[in-house]
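Asker: Handing you a structure now.
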Amino acid sequence: MKRLTYKIDEVAQALGLGKTTIHKLLRDGELQKIKLGRATLIPAESVEALVQRHAVQAGAS
């Protein structure tokens, strides 16, 4: 079964970024978040969209 959401530290590790950078992406609206109680979850499709946007930008350079 495909995962629907990831924790901030999981996204940071998967993308090779720091947690501070993930928080900045969330603040800037580059990633979406879901708050469940104290947990912050990031939808898998939001992570995939971020990767696609940056892949397209890198290809255009």
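Residue numbering restarts at 1 in every chain; chains get A, B, ... in the order shown in the structure tokens, and ligands count up from 1 in that same order.
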Report as JSON, numbers by chain: the residues of stretch 23-56 of chain A with a DSSP assignment of alpha helix (DSSP H), based on the backbone of this structure.
Answerer: {"A": [23, 24, 25, 26, 27, 44, 45, 46, 47, 48, 49, 50, 51, 52, 53, 54, 55, 56]}
Asker: Would you list, as a ChimeraX atom specification, the residues of chain A that end up in strand (DSSP E or B) under DSSP run on this structure's backbone?
Answerer: /A:5-7,34-36,39-43
Asker: With only C-alpha atoms as the basis for distance, which of A:Arg3, A:Ser46, A:Ile22, A:Val51 is at the shortest distance from A:Ile34?
Answerer: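 Looking only at the distances to A:Ile34, the closest residue turns out to be A:Ser46.
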Asker: Please compute the atom CA of A:Ala39-atom CA of A:Gly16 distance, one decimal, in Å.
Answerer: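 These two atoms are separated by 21.3 Å.
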Asker: Can you pull out every residue within 10 Å of A:Lys19, counting only C-alpha atoms, but drop anything in the same chain fewer than 5 positions away, and send it as a ChimeraX atom specification?
Answerer: /A:8-13,24-25
Asker: Can those selected residues be exported to a file as an mmCIF file, in the first residue's frame so that it contains C-alpha atoms?
Answerer:
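part_1.cif, freshly written:
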data_model
loop_
_atom_site.group_PDB
_atom_site.id
_atom_site.type_symbol
_atom_site.label_atom_id
_atom_site.label_comp_id
_atom_site.auth_asym_id
_atom_site.auth_seq_id
_atom_site.Cartn_x
_atom_site.Cartn_y
_atom_site.Cartn_z
ATOM 1 C CA ILE A 8 8.912 16.197 8.416
ATOM 2 C CA ASP A 9 12.056 14.235 9.291
ATOM 3 C CA GLU A 10 11.154 11.530 6.755
ATOM 4 C CA VAL A 11 10.790 14.097 3.957
ATOM 5 C CA ALA A 12 14.047 15.794 4.974
ATOM 6 C CA GLN A 13 15.933 12.498 4.888
ATOM 7 C CA LYS A 24 10.787 26.905 5.198
ATOM 8 C CA LEU A 25 9.176 25.071 2.262
#
Asker: Identify, on the basis of only C-alpha atoms, every residue whose closest approach to A:Ala49 does not exceed 10 Å; exclude the query and any residue fewer than 5 positions from it along the same chain; express the result as an NGL selection string.
Answerer: :A and (30-31 or 44 or 54-55)
Asker: Please provide the set of residues having any atom within 8 Å of A:Lys33, restricted to only C-alpha atoms, with same-chain residues fewer than 3 positions apart removed, written as a ChimeraX atom specification.
Answerer: /A:26,40-43
Asker: Create the file for the chosen residues now, containing N, CA and C atoms and written as a PDB file, in the first residue's frame.
Answerer:
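Wrote out-v4.pdb, looks like this:
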ATOM      1  N   LEU A  26       7.422  24.607   3.877  1.00  0.00           N
ATOM      2  CA  LEU A  26       6.043  24.602   4.388  1.00  0.00           C
ATOM      3  C   LEU A  26       5.547  26.037   4.569  1.00  0.00           C
ATOM      4  N   THR A  40       2.613  17.064  12.535  1.00  0.00           N
ATOM      5  CA  THR A  40       2.558  17.718  11.235  1.00  0.00           C
ATOM      6  C   THR A  40       2.899  16.679  10.191  1.00  0.00           C
ATOM      7  N   LEU A  41       1.986  16.450   9.281  1.00  0.00           N
ATOM      8  CA  LEU A  41       2.181  15.454   8.230  1.00  0.00           C
ATOM      9  C   LEU A  41       2.190  16.148   6.881  1.00  0.00           C
ATOM     10  N   ILE A  42       2.979  15.607   5.967  1.00  0.00           N
ATOM     11  CA  ILE A  42       3.088  16.168   4.627  1.00  0.00           C
ATOM     12  C   ILE A  42       2.549  15.141   3.646  1.00  0.00           C
ATOM     13  N   PRO A  43       1.525  15.501   2.876  1.00  0.00           N
ATOM     14  CA  PRO A  43       0.966  14.552   1.910  1.00  0.00           C
ATOM     15  C   PRO A  43       2.018  14.115   0.885  1.00  0.00           C
TER      16      PRO A  43
END
Asker: Separation of atom CA of A:Gly18 and atom CA of A:Lys35, in Å?
Answerer: 20.2 Å
